[in-house]
$ cat coords25.tsv   # TSV, C-alpha atoms
chain	number	residue	atom	x	y	z
A	27	MET	CA	-49.83	-29.21	-43.68
A	28	ASP	CA	-47.17	-31.82	-44.46
A	29	ARG	CA	-46.72	-34.50	-41.82
A	30	ILE	CA	-42.92	-34.17	-42.00
A	31	VAL	CA	-41.11	-30.83	-41.93
A	32	ASP	CA	-37.48	-31.33	-42.88
A	33	ARG	CA	-35.02	-28.44	-42.39
A	34	CYS	CA	-31.85	-30.47	-42.72
A	35	ASP	CA	-29.16	-28.37	-44.41
A	36	PRO	CA	-26.05	-30.43	-45.19
A	37	GLY	CA	-24.23	-27.40	-46.58
A	38	GLY	CA	-24.99	-25.33	-43.49
A	39	ARG	CA	-23.93	-28.17	-41.19
A	40	ALA	CA	-20.67	-28.51	-43.09
A	41	TRP	CA	-19.99	-24.78	-42.63
A	42	VAL	CA	-20.68	-25.03	-38.88
A	43	ALA	CA	-18.42	-28.08	-38.58
A	44	GLU	CA	-15.59	-26.18	-40.25
A	45	ALA	CA	-16.25	-23.12	-38.07
A	46	VAL	CA	-16.03	-25.21	-34.88
A	47	ARG	CA	-12.80	-26.76	-36.18
A	48	LEU	CA	-11.31	-23.30	-36.77
A	49	VAL	CA	-12.22	-22.11	-33.26
A	50	ASP	CA	-10.87	-25.32	-31.68
A	51	ALA	CA	-7.70	-25.09	-33.75
A	52	ASP	CA	-7.16	-21.54	-32.52
A	53	ALA	CA	-7.40	-22.80	-28.92
A	54	ASN	CA	-5.06	-25.70	-29.71
A	55	ARG	CA	-2.43	-23.25	-30.98
A	56	SER	CA	-2.59	-21.23	-27.78
A	57	ALA	CA	-0.67	-22.17	-24.65
A	58	ASP	CA	-2.29	-21.83	-21.25
A	59	THR	CA	-1.88	-18.49	-19.50
A	60	HIS	CA	0.80	-18.04	-16.85
A	61	LEU	CA	0.31	-18.03	-13.09
A	62	HIS	CA	2.79	-15.46	-11.74
A	63	VAL	CA	3.96	-15.15	-8.14
A	64	PHE	CA	3.46	-11.64	-6.79
A	65	PRO	CA	6.30	-10.65	-4.44
A	66	LEU	CA	5.15	-10.67	-0.80
A	67	PRO	CA	7.46	-10.91	2.23
A	68	PRO	CA	8.10	-14.67	2.68
A	69	GLU	CA	7.76	-14.46	6.44
A	70	TRP	CA	4.05	-13.70	6.02
A	71	GLY	CA	3.37	-17.30	5.03
A	72	ILE	CA	0.93	-16.10	2.38
A	73	ASP	CA	1.39	-16.51	-1.36
A	74	LEU	CA	-0.33	-14.30	-3.95
A	75	TYR	CA	-0.66	-15.45	-7.55
A	76	LEU	CA	-1.72	-13.50	-10.63
A	77	LYS	CA	-3.34	-15.51	-13.44
A	78	ASP	CA	-2.16	-13.56	-16.50
A	79	GLU	CA	-5.08	-13.46	-18.93
A	80	SER	CA	-3.49	-10.59	-20.84
A	81	VAL	CA	-1.37	-13.06	-22.87
A	82	HIS	CA	-4.34	-14.45	-24.83
A	83	PRO	CA	-4.20	-13.68	-28.58
A	84	THR	CA	-6.57	-10.73	-28.09
A	85	GLY	CA	-4.93	-9.57	-24.87
A	86	SER	CA	-7.57	-10.15	-22.20
A	87	LEU	CA	-9.61	-12.54	-20.08
A	88	LYS	CA	-12.49	-12.00	-22.52
A	89	HIS	CA	-10.78	-14.18	-25.12
A	90	ARG	CA	-11.98	-17.24	-23.17
A	91	LEU	CA	-15.53	-15.87	-23.04
A	92	ALA	CA	-15.62	-14.98	-26.74
A	93	ARG	CA	-14.45	-18.47	-27.70
A	94	SER	CA	-17.14	-20.04	-25.51
A	95	LEU	CA	-19.86	-17.73	-26.85
A	96	PHE	CA	-18.98	-18.52	-30.46
A	97	LEU	CA	-18.98	-22.27	-29.81
A	98	TYR	CA	-22.28	-21.93	-27.95
A	99	GLY	CA	-23.85	-19.98	-30.82
A	100	LEU	CA	-22.54	-22.40	-33.43
A	101	ALA	CA	-23.70	-25.48	-31.50
A	102	ASN	CA	-27.15	-23.94	-30.97
A	103	GLY	CA	-27.57	-23.16	-34.66
A	104	TRP	CA	-27.68	-19.41	-34.03
A	105	ILE	CA	-24.54	-18.62	-36.03
A	106	ARG	CA	-24.47	-19.64	-39.67
A	107	GLU	CA	-22.48	-18.76	-42.75
A	108	GLY	CA	-22.79	-15.02	-43.36
A	109	THR	CA	-24.40	-14.23	-39.98
A	110	THR	CA	-23.64	-10.70	-38.75
A	111	ILE	CA	-22.49	-10.90	-35.12
A	112	ILE	CA	-23.70	-8.12	-32.81
A	113	GLU	CA	-22.45	-7.59	-29.27
A	114	ALA	CA	-23.11	-5.10	-26.48
A	115	SER	CA	-19.69	-4.52	-24.97
A	116	SER	CA	-17.62	-1.97	-23.10
A	117	GLY	CA	-14.57	-3.06	-25.04
A	118	SER	CA	-12.54	-6.20	-24.36
A	119	THR	CA	-15.28	-8.73	-25.18
A	120	ALA	CA	-15.85	-6.89	-28.45
A	121	VAL	CA	-12.13	-7.03	-29.25
A	122	SER	CA	-12.09	-10.79	-28.73
A	123	GLU	CA	-15.36	-11.40	-30.60
A	124	ALA	CA	-14.11	-9.30	-33.52
A	125	TYR	CA	-11.09	-11.62	-33.66
A	126	PHE	CA	-13.23	-14.77	-33.82
A	127	ALA	CA	-15.66	-13.22	-36.28
A	128	ARG	CA	-12.76	-12.44	-38.61
A	129	LEU	CA	-11.48	-16.00	-38.15
A	130	LEU	CA	-14.85	-17.29	-39.41
A	131	GLY	CA	-15.30	-14.64	-42.10
A	132	LEU	CA	-18.33	-13.05	-40.39
A	133	PRO	CA	-19.25	-9.35	-40.10
A	134	PHE	CA	-19.04	-7.98	-36.55
A	135	VAL	CA	-20.62	-4.91	-34.93
A	136	ALA	CA	-19.85	-3.79	-31.38
A	137	VAL	CA	-22.47	-1.62	-29.67
A	138	MET	CA	-20.68	0.30	-26.94
A	139	PRO	CA	-20.77	3.48	-24.87
A	140	ALA	CA	-19.22	6.50	-26.54
A	141	SER	CA	-16.90	6.76	-23.52
A	142	THR	CA	-15.07	3.52	-24.41
A	143	SER	CA	-11.30	4.05	-24.59
A	144	PRO	CA	-9.93	4.89	-28.08
A	145	GLU	CA	-7.35	2.12	-27.66
A	146	LYS	CA	-10.09	-0.53	-27.48
A	147	ILE	CA	-11.99	0.96	-30.42
A	148	GLN	CA	-8.81	0.80	-32.50
A	149	LEU	CA	-8.31	-2.86	-31.57
A	150	ILE	CA	-11.87	-3.78	-32.60
A	151	GLU	CA	-11.38	-2.03	-35.92
A	152	PHE	CA	-7.98	-3.71	-36.34
A	153	TYR	CA	-9.76	-7.09	-36.28
A	154	GLY	CA	-12.25	-5.89	-38.88
A	155	GLY	CA	-15.11	-5.00	-36.54
A	156	HIS	CA	-17.35	-1.94	-36.70
A	157	CYS	CA	-18.01	0.17	-33.59
A	158	HIS	CA	-21.54	1.50	-33.10
A	159	LEU	CA	-21.27	4.10	-30.32
A	160	VAL	CA	-24.21	5.21	-28.15
A	161	ASP	CA	-24.37	8.12	-25.73
A	162	ASP	CA	-26.57	6.34	-23.18
A	163	PRO	CA	-24.80	3.19	-21.86
A	164	SER	CA	-28.12	1.71	-20.71
A	165	SER	CA	-29.35	1.62	-24.32
A	166	ILE	CA	-26.72	-0.81	-25.61
A	167	TYR	CA	-28.94	-3.88	-25.11
A	168	ALA	CA	-31.96	-2.51	-26.97
A	169	GLU	CA	-29.77	-1.07	-29.71
A	170	SER	CA	-28.00	-4.43	-30.14
A	171	ARG	CA	-31.33	-6.23	-30.49
A	172	ARG	CA	-32.54	-3.64	-32.98
A	173	LEU	CA	-29.43	-3.97	-35.14
A	174	ALA	CA	-29.56	-7.78	-35.02
A	175	ALA	CA	-33.21	-7.77	-36.14
A	176	GLU	CA	-32.48	-5.22	-38.85
A	177	CYS	CA	-29.74	-7.29	-40.49
A	178	ASP	CA	-31.04	-10.76	-39.56
A	179	GLY	CA	-27.91	-11.17	-37.44
A	180	HIS	CA	-27.20	-12.76	-34.07
A	181	PHE	CA	-26.96	-10.76	-30.84
A	182	MET	CA	-24.35	-12.68	-28.82
A	183	ASP	CA	-25.65	-11.17	-25.52
A	184	GLN	CA	-22.67	-11.91	-23.31
A	185	PHE	CA	-24.54	-10.64	-20.26
A	186	THR	CA	-27.16	-13.38	-20.59
A	187	TYR	CA	-25.13	-16.30	-21.90
A	188	ALA	CA	-21.72	-15.95	-20.21
A	189	GLU	CA	-22.52	-18.25	-17.29
A	190	ARG	CA	-24.06	-21.00	-19.44
A	191	ALA	CA	-21.69	-20.93	-22.43
A	192	THR	CA	-18.69	-22.08	-20.34
A	193	ASP	CA	-18.46	-25.65	-19.09
A	194	TRP	CA	-17.86	-25.03	-15.38
A	195	ARG	CA	-17.10	-28.71	-14.67
A	196	GLY	CA	-13.82	-28.54	-16.57
A	197	ASN	CA	-12.86	-28.65	-20.26
A	198	ASN	CA	-9.92	-26.30	-19.67
A	199	ASN	CA	-11.94	-23.50	-18.14
A	200	ILE	CA	-10.12	-20.87	-16.11
A	201	ALA	CA	-10.91	-22.52	-12.75
A	202	GLU	CA	-9.52	-25.89	-13.80
A	203	SER	CA	-6.42	-24.15	-15.14
A	204	ILE	CA	-5.81	-22.27	-11.87
A	205	PHE	CA	-6.06	-25.36	-9.67
A	206	GLU	CA	-3.88	-27.46	-11.97
A	207	GLN	CA	-1.17	-24.78	-11.98
A	208	LEU	CA	-1.28	-24.60	-8.17
A	209	ARG	CA	-0.92	-28.36	-7.77
A	210	LEU	CA	2.81	-28.28	-6.84
A	211	GLU	CA	2.69	-25.11	-4.73
A	212	ARG	CA	2.98	-25.14	-0.93
A	213	PHE	CA	-0.70	-24.09	-0.60
A	214	PRO	CA	-2.29	-25.83	-3.62
A	215	GLU	CA	-5.86	-25.15	-2.50
A	216	PRO	CA	-6.15	-21.37	-2.25
A	217	SER	CA	-7.90	-19.69	0.64
A	218	TRP	CA	-9.44	-17.15	-1.74
A	219	VAL	CA	-9.90	-16.54	-5.44
A	220	VAL	CA	-10.61	-12.88	-6.23
A	221	VAL	CA	-12.35	-11.75	-9.41
A	222	GLY	CA	-14.49	-8.89	-10.66
A	223	ALA	CA	-17.90	-9.17	-12.26
A	224	GLY	CA	-18.80	-7.76	-15.66
A	225	THR	CA	-21.07	-10.38	-17.12
A	226	GLY	CA	-20.72	-12.53	-14.00
A	227	GLY	CA	-19.53	-15.47	-16.11
A	228	THR	CA	-16.07	-15.82	-14.56
A	229	SER	CA	-17.33	-15.73	-10.98
A	230	ALA	CA	-20.09	-18.23	-11.85
A	231	THR	CA	-17.58	-20.61	-13.45
A	232	ILE	CA	-15.12	-20.47	-10.55
A	233	GLY	CA	-17.80	-20.61	-7.85
A	234	ARG	CA	-19.45	-23.67	-9.40
A	235	TYR	CA	-16.15	-25.41	-10.04
A	236	VAL	CA	-14.89	-25.17	-6.45
A	237	ARG	CA	-18.16	-26.64	-5.19
A	238	TYR	CA	-18.20	-29.37	-7.82
A	239	ARG	CA	-14.60	-30.36	-6.96
A	240	ARG	CA	-15.36	-30.10	-3.19
A	241	PHE	CA	-12.66	-27.49	-2.53
A	242	GLN	CA	-12.98	-25.23	0.50
A	243	THR	CA	-11.67	-22.23	-1.45
A	244	ARG	CA	-13.78	-19.11	-1.01
A	245	LEU	CA	-14.73	-16.79	-3.85
A	246	ALA	CA	-14.52	-13.02	-3.38
A	247	VAL	CA	-15.99	-10.73	-6.01
A	248	VAL	CA	-14.77	-7.14	-6.12
A	249	ASP	CA	-17.12	-4.51	-7.49
A	250	PRO	CA	-16.25	-0.93	-8.48
A	251	GLU	CA	-18.23	2.06	-7.30
A	252	GLY	CA	-21.25	2.84	-9.45
A	253	SER	CA	-22.02	-0.85	-10.07
A	254	ALA	CA	-25.31	-2.54	-9.18
A	255	PHE	CA	-23.85	-5.94	-8.28
A	256	HIS	CA	-22.63	-5.17	-4.74
A	257	GLY	CA	-25.86	-3.54	-3.64
A	258	SER	CA	-27.90	-6.40	-5.08
A	259	TYR	CA	-25.72	-8.95	-3.30
A	260	ALA	CA	-26.15	-7.06	-0.02
A	261	ASP	CA	-29.93	-6.68	-0.09
A	262	GLY	CA	-30.95	-9.51	-2.42
A	263	ASP	CA	-32.70	-7.22	-4.92
A	264	PRO	CA	-32.07	-8.57	-8.45
A	265	GLU	CA	-33.74	-5.50	-9.98
A	266	ARG	CA	-31.31	-3.03	-8.42
A	267	THR	CA	-29.80	-0.46	-10.78
A	268	ALA	CA	-26.92	2.01	-10.46
A	269	ALA	CA	-25.12	4.72	-12.38
A	270	GLY	CA	-22.54	2.41	-13.98
A	271	SER	CA	-18.80	1.93	-13.58
A	272	ARG	CA	-15.76	3.93	-14.64
A	273	ILE	CA	-13.64	0.79	-14.49
A	274	GLU	CA	-14.00	-0.76	-17.94
A	275	GLY	CA	-14.89	-4.43	-18.17
A	276	ILE	CA	-16.40	-4.79	-14.69
A	277	GLY	CA	-19.35	-3.31	-12.84
A	278	ARG	CA	-22.72	-2.85	-14.47
A	279	PRO	CA	-25.65	-0.39	-14.17
A	280	ARG	CA	-27.99	-3.37	-13.73
A	281	VAL	CA	-27.73	-6.91	-12.36
A	282	GLU	CA	-26.95	-9.02	-15.41
A	283	PRO	CA	-28.62	-12.42	-15.99
A	284	SER	CA	-25.26	-14.24	-15.84
A	285	PHE	CA	-24.48	-12.92	-12.33
A	286	LEU	CA	-24.89	-15.81	-9.87
A	287	PRO	CA	-24.76	-14.46	-6.29
A	288	THR	CA	-25.33	-17.85	-4.65
A	289	VAL	CA	-21.79	-19.07	-5.49
A	290	ILE	CA	-20.08	-15.96	-4.09
A	291	ASP	CA	-18.73	-16.00	-0.52
A	292	ARG	CA	-17.90	-12.31	-0.17
A	293	MET	CA	-18.33	-9.11	-2.15
A	294	ILE	CA	-16.05	-6.10	-1.69
A	295	ARG	CA	-16.87	-2.66	-3.01
A	296	VAL	CA	-13.74	-0.89	-4.26
A	297	PRO	CA	-13.53	2.89	-4.85
A	298	ASP	CA	-12.37	3.86	-8.34
A	299	ALA	CA	-9.39	5.76	-6.93
A	300	ALA	CA	-8.32	2.57	-5.11
A	301	SER	CA	-8.63	0.53	-8.33
A	302	ILE	CA	-6.44	2.93	-10.28
A	303	ALA	CA	-3.90	3.29	-7.47
A	304	ALA	CA	-3.67	-0.50	-7.24
A	305	MET	CA	-3.36	-0.78	-11.02
A	306	ARG	CA	-0.33	1.52	-11.06
A	307	TRP	CA	1.15	-0.03	-7.90
A	308	THR	CA	0.81	-3.56	-9.28
A	309	SER	CA	2.52	-2.55	-12.52
A	310	GLU	CA	5.44	-1.05	-10.61
A	311	VAL	CA	5.87	-3.86	-8.07
A	312	SER	CA	5.35	-6.78	-10.46
A	313	GLY	CA	6.88	-5.29	-13.60
A	314	ARG	CA	3.75	-6.25	-15.55
A	315	ASP	CA	1.64	-3.53	-17.15
A	316	VAL	CA	-1.94	-4.12	-15.99
A	317	GLY	CA	-5.34	-2.50	-16.54
A	318	GLY	CA	-7.94	-0.96	-14.26
A	319	SER	CA	-9.97	-4.07	-13.47
A	320	THR	CA	-6.77	-5.81	-12.40
A	321	GLY	CA	-6.28	-2.93	-9.97
A	322	THR	CA	-9.75	-3.60	-8.55
A	323	ASN	CA	-8.80	-7.26	-8.10
A	324	MET	CA	-5.54	-6.36	-6.40
A	325	TRP	CA	-7.15	-3.98	-3.92
A	326	GLY	CA	-9.54	-6.75	-2.92
A	327	ALA	CA	-6.68	-9.25	-2.65
A	328	ALA	CA	-4.74	-6.84	-0.42
A	329	GLU	CA	-7.78	-6.46	1.87
A	330	LEU	CA	-8.14	-10.24	2.17
A	331	ILE	CA	-4.43	-10.80	2.80
A	332	ALA	CA	-4.38	-8.08	5.45
A	333	GLY	CA	-7.26	-9.89	7.15
A	334	MET	CA	-5.43	-13.22	6.97
A	335	ARG	CA	-2.34	-11.61	8.47
A	336	ALA	CA	-4.35	-10.12	11.33
A	337	ARG	CA	-5.78	-13.56	12.14
A	338	GLY	CA	-2.42	-15.31	11.85
A	339	GLU	CA	-3.51	-17.40	8.87
A	340	ARG	CA	-1.28	-18.93	6.22
A	341	GLY	CA	-2.34	-19.85	2.71
A	342	SER	CA	-2.60	-18.63	-0.86
A	343	VAL	CA	-4.72	-16.11	-2.75
A	344	VAL	CA	-5.27	-16.04	-6.52
A	345	THR	CA	-6.51	-13.19	-8.67
A	346	LEU	CA	-6.42	-12.24	-12.34
A	347	ILE	CA	-4.52	-9.92	-14.64
A	348	CYS	CA	-7.53	-9.20	-16.83
A	349	ASP	CA	-5.78	-7.18	-19.52
A	350	GLY	CA	-2.82	-4.89	-20.10
A	351	GLY	CA	-2.45	-1.26	-19.09
A	352	GLU	CA	-1.59	-0.13	-22.62
A	353	ARG	CA	-5.32	-0.07	-23.37
A	354	TYR	CA	-5.81	2.71	-20.83
A	355	SER	CA	-2.89	5.04	-21.37
A	356	GLY	CA	-5.26	7.92	-22.12
A	357	THR	CA	-7.48	7.28	-19.08
A	358	TYR	CA	-6.28	5.42	-15.98
A	359	GLY	CA	-2.65	5.97	-16.94
A	360	SER	CA	-3.12	9.72	-17.39
A	361	ASP	CA	-2.81	12.17	-14.49
A	362	GLU	CA	-4.75	14.73	-16.53
A	363	TRP	CA	-7.66	12.30	-16.92
A	364	LEU	CA	-7.65	11.59	-13.19
A	365	ALA	CA	-7.80	15.30	-12.41
A	366	GLY	CA	-10.67	15.76	-14.82
A	367	GLN	CA	-12.55	12.94	-13.08
A	368	GLY	CA	-11.84	14.38	-9.62
A	369	LEU	CA	-9.96	11.25	-8.55
A	370	ASP	CA	-7.19	11.46	-5.93
A	371	ILE	CA	-5.30	8.18	-5.85
A	372	ALA	CA	-2.51	9.32	-3.50
A	373	PRO	CA	-4.11	8.11	-0.20
A	374	TYR	CA	-4.77	4.66	-1.68
A	375	ARG	CA	-1.26	4.43	-3.08
A	376	ALA	CA	0.11	5.29	0.37
A	377	ALA	CA	-2.05	2.55	1.88
A	378	LEU	CA	-0.68	0.00	-0.60
A	379	ASP	CA	2.91	1.06	0.09
A	380	ALA	CA	2.23	0.54	3.79
A	381	PHE	CA	0.62	-2.84	3.09
A	382	ILE	CA	3.64	-4.31	1.31
A	383	LYS	CA	5.86	-3.29	4.25
A	384	THR	CA	3.65	-4.25	7.20
A	385	GLY	CA	0.90	-6.54	5.93
A	386	ASP	CA	-1.72	-4.08	7.18
A	387	LEU	CA	-3.88	-2.11	4.73
A	388	PRO	CA	-4.67	1.22	6.42
A	389	ALA	CA	-8.19	2.57	6.03
A	390	VAL	CA	-8.50	5.54	3.68
A	391	PRO	CA	-10.91	8.27	4.86
$ encode --input "coords25.tsv" --output "structure tokens"
Amino acid sequence: MDRIVDRCDPGGRAWVAEAVRLVDADANRSADTHLHVFPLPPEWGIDLYLKDESVHPTGSLKHRLARSLFLYGLANGWIREGTTIIEASSGSTAVSEAYFARLLGLPFVAVMPASTSPEKIQLIEFYGGHCHLVDDPSSIYAESRRLAAECDGHFMDQFTYAERATDWRGNNNIAESIFEQLRLERFPEPSWVVVGAGTGGTSATIGRYVRYRRFQTRLAVVDPEGSAFHGSYADGDPERTAAGSRIEGIGRPRVEPSFLPTVIDRMIRVPDAASIAAMRWTSEVSGRDVGGSTGTNMWGAAELIAGMRARGERGSVVTLICDGGERYSGTYGSDEWLAGQGLDIAPYRAALDAFIKTGDLPAVP
């Protein structure tokens, strides 16, 4: 065997350098996302802000994740010229990854449940991606690995790498952006930041950042019914499984490797009917068309604000607009779909209407 094994590939390195430049240039062309004020009665002494991630080029919070995952794969030598990119995704991550794959001239395949909304499938295909649909959502990981091995591609594996691909200390991550945008507000250090968990990457980034910067902000993670995260957080069982979530983009049938419970201060389980009621209510009150996971965030924010009001606390709360409601017109935006799912959102909508008038969020039986 030769004493020296040299695998230096100047041509391959040049391609990677150009690929990183293209991804960085895309970020440089994009402005930061807006931090909107949600209208609450001023006498409450509580401010609610919505970080609008729907204005990214691919329309969702997952644009940040996809950019980080591509840079991580390129820097690690996993993505090379001609590499087929495979991802297991319920939709928005695949849309964003399809965008970056097209930017780099790479084939992209999204492995996703057959129940994924047609609007998201159309967006993936618009960016040149191919959708590989499976009937059993729990099989998307194994199927992604099989396809990657079959075509000598790279399985991006957002559920494993989300928490490590993002630099949580700064470098324009979402946490740094939120705190910079709050700097001139009357409560610049929020009492709570409220997010959902899909991969767990966003909650891990924000939770680490607030500790690293020595903020006293608390992190609340909202979890839809059918997800394994909340139960695992409650009993400490990392092997817990569940049926899976109807709220696309958040909630998982298993506890994903990127989920970091030790940086979370509180978890709130949110019924699906509450998520959809809050989605529609938020769109009407704010004038911004939002998706289902944003509704989950907003229900959790309302619970926290009601608690602050009851204790006489002042301060600010921040949550995310994860994506736009136009992606869900045939599901969460459809009364016929709700009826078919057996979901009655009326009691939760009534609770939210009461909340905006009184500051109290009535319990729904």
$ closest_atom_pairs --input "coords25.tsv" --of "stretch 232-323 of chain A" --to "stretch 85-97 of chain A" --cutoff "12 Å" --atoms "all atoms listed in the file" --output "JSON lines"
{"residue": "A:Gly275", "atom": "CA", "partner": "A:Lys88", "partner_atom": "CA", "distance": 9.1}
{"residue": "A:Ile276", "atom": "CA", "partner": "A:Lys88", "partner_atom": "CA", "distance": 11.3}
{"residue": "A:Asp315", "atom": "CA", "partner": "A:Gly85", "partner_atom": "CA", "distance": 11.8}
{"residue": "A:Val316", "atom": "CA", "partner": "A:Ser86", "partner_atom": "CA", "distance": 10.3}
{"residue": "A:Gly317", "atom": "CA", "partner": "A:Ser86", "partner_atom": "CA", "distance": 9.8}
{"residue": "A:Ser319", "atom": "CA", "partner": "A:Leu87", "partner_atom": "CA", "distance": 10.8}
{"residue": "A:Thr320", "atom": "CA", "partner": "A:Leu87", "partner_atom": "CA", "distance": 10.6}
$ closest_atom_pairs --input "coords25.tsv" --of "stretch 237-347 of chain A" --to "stretch 209-231 of chain A" --cutoff "9 Å" --atoms "all atoms listed in the file" --output "Markdown table"
| residue | atom | partner | partner_atom | distance |
| --- | --- | --- | --- | --- |
| A:Phe241 | CA | A:Glu215 | CA | 7.2 |
| A:Gln242 | CA | A:Ser217 | CA | 7.5 |
| A:Thr243 | CA | A:Ser217 | CA | 5.0 |
| A:Arg244 | CA | A:Trp218 | CA | 4.8 |
| A:Leu245 | CA | A:Val219 | CA | 5.1 |
| A:Ala246 | CA | A:Val220 | CA | 4.8 |
| A:Val247 | CA | A:Val221 | CA | 5.1 |
| A:Val248 | CA | A:Gly222 | CA | 4.9 |
| A:Asp249 | CA | A:Gly222 | CA | 6.0 |
| A:Pro250 | CA | A:Gly222 | CA | 8.4 |
| A:Phe255 | CA | A:Ala223 | CA | 7.9 |
| A:Glu274 | CA | A:Gly224 | CA | 8.8 |
| A:Gly275 | CA | A:Gly224 | CA | 5.7 |
| A:Ile276 | CA | A:Gly224 | CA | 3.9 |
| A:Gly277 | CA | A:Gly224 | CA | 5.3 |
| A:Arg278 | CA | A:Gly224 | CA | 6.4 |
| A:Val281 | CA | A:Thr225 | CA | 8.9 |
| A:Glu282 | CA | A:Thr225 | CA | 6.3 |
| A:Pro283 | CA | A:Thr225 | CA | 7.9 |
| A:Ser284 | CA | A:Gly226 | CA | 5.2 |
| A:Phe285 | CA | A:Gly226 | CA | 4.1 |
| A:Leu286 | CA | A:Ala230 | CA | 5.7 |
| A:Pro287 | CA | A:Ala230 | CA | 8.2 |
| A:Thr288 | CA | A:Ala230 | CA | 8.9 |
| A:Val289 | CA | A:Ala230 | CA | 6.6 |
| A:Ile290 | CA | A:Ser229 | CA | 7.4 |
| A:Ser319 | CA | A:Gly222 | CA | 7.2 |
| A:Thr320 | CA | A:Gly222 | CA | 8.5 |
| A:Thr322 | CA | A:Gly222 | CA | 7.4 |
| A:Asn323 | CA | A:Val221 | CA | 5.9 |
| A:Met324 | CA | A:Val220 | CA | 8.3 |
| A:Gly326 | CA | A:Val220 | CA | 7.0 |
| A:Ala327 | CA | A:Val220 | CA | 6.4 |
| A:Leu330 | CA | A:Trp218 | CA | 8.0 |
| A:Arg340 | CA | A:Phe213 | CA | 8.6 |
| A:Gly341 | CA | A:Phe213 | CA | 5.6 |
| A:Ser342 | CA | A:Pro216 | CA | 4.7 |
| A:Val343 | CA | A:Trp218 | CA | 4.9 |
| A:Val344 | CA | A:Val219 | CA | 4.8 |
| A:Thr345 | CA | A:Val220 | CA | 4.8 |
| A:Leu346 | CA | A:Val221 | CA | 6.6 |
$ atom_distance --input "coords25.tsv" --atom1 "atom CA of A:Glu176" --atom2 "atom CA of A:Ala114"
15.5 Å
$ closest_residue --input "coords25.tsv" --among "A:Tyr259, A:Trp194, A:Phe381, A:Tyr374" --to "A:Tyr235" --atoms "all atoms listed in the file"
A:Trp194
$ residues_around --input "coords25.tsv" --residues "A:Leu369" --least-positions-apart "2" --cutoff "12 Å" --atoms "all atoms listed in the file" --output "ChimeraX atom specification"
/A:272,297-303,357-358,360-367,371-374
$ residues_around --input "coords25.tsv" --residues "A:Gly108" --least-positions-apart "5" --cutoff "10 Å" --atoms "all atoms listed in the file" --output "PyMOL selection string"
chain A and resi 130-133+179
$ residues_around --input "coords25.tsv" --residues "A:Ala120" --least-positions-apart "5" --cutoff "7 Å" --atoms "all atoms listed in the file" --output "JSON, numbers by chain"
{"A": [113, 115, 136, 150]}
$ closest_residue --input "coords25.tsv" --among "A:Lys146, A:Val63, A:Ile111, A:Gly154" --to "A:Ser170" --atoms "all atoms listed in the file"
A:Ile111
$ closest_residue --input "coords25.tsv" --among "A:Arg55, A:Arg335, A:Arg234, A:Arg29" --to "A:Gly385" --atoms "only C-alpha atoms"
A:Arg335
$ atom_distance --input "coords25.tsv" --atom1 "atom CA of A:Ala127" --atom2 "atom CA of A:Ile105"
10.4 Å
$ axis_aligned_box --input "coords25.tsv" --around "stretch 303-316 of chain A" --padding-each-side "5 Å" --output "AutoDock Vina command-line options"
--center_x 1.5 --center_y -1.7 --center_z -12.2 --size_x 20.8 --size_y 20.1 --size_z 19.9
$ closest_atom_pairs --input "coords25.tsv" --of "stretch 224-321 of chain A" --to "stretch 64-84 of chain A" --cutoff "9 Å" --atoms "only C-alpha atoms" --output "JSON lines"
{"residue": "A:Thr308", "atom": "CA", "partner": "A:Phe64", "partner_atom": "CA", "distance": 8.9}
{"residue": "A:Val311", "atom": "CA", "partner": "A:Pro65", "partner_atom": "CA", "distance": 7.7}
{"residue": "A:Ser312", "atom": "CA", "partner": "A:Phe64", "partner_atom": "CA", "distance": 6.4}
{"residue": "A:Val316", "atom": "CA", "partner": "A:Ser80", "partner_atom": "CA", "distance": 8.2}
$ atom_distance --input "coords25.tsv" --atom1 "atom CA of A:Asp193" --atom2 "atom CA of A:Ser271"
28.1 Å
$ closest_residue --input "coords25.tsv" --among "A:Ser118, A:Tyr238, A:Leu129, A:Val296" --to "A:Glu251" --atoms "all atoms listed in the file"
A:Val296
$ closest_residue --input "coords25.tsv" --among "A:Met334, A:Leu378, A:Ile200, A:Val121" --to "A:Arg306" --atoms "all atoms listed in the file"
A:Leu378
$ residues_around --input "coords25.tsv" --residues "A:Arg353" --least-positions-apart "2" --cutoff "8 Å" --atoms "only C-alpha atoms" --output "PyMOL selection string"
chain A and resi 143+145-146+317+350-351+355
$ closest_residue --input "coords25.tsv" --among "A:Phe181, A:Glu107, A:Glu189, A:Ser203" --to "A:Ala57" --atoms "all atoms listed in the file"
A:Ser203
$ residues_around --input "coords25.tsv" --residues "A:Asp162" --least-positions-apart "4" --cutoff "9 Å" --atoms "all atoms listed in the file" --output "list in words"
Pro139, Ala140 and Ile166 of chain A
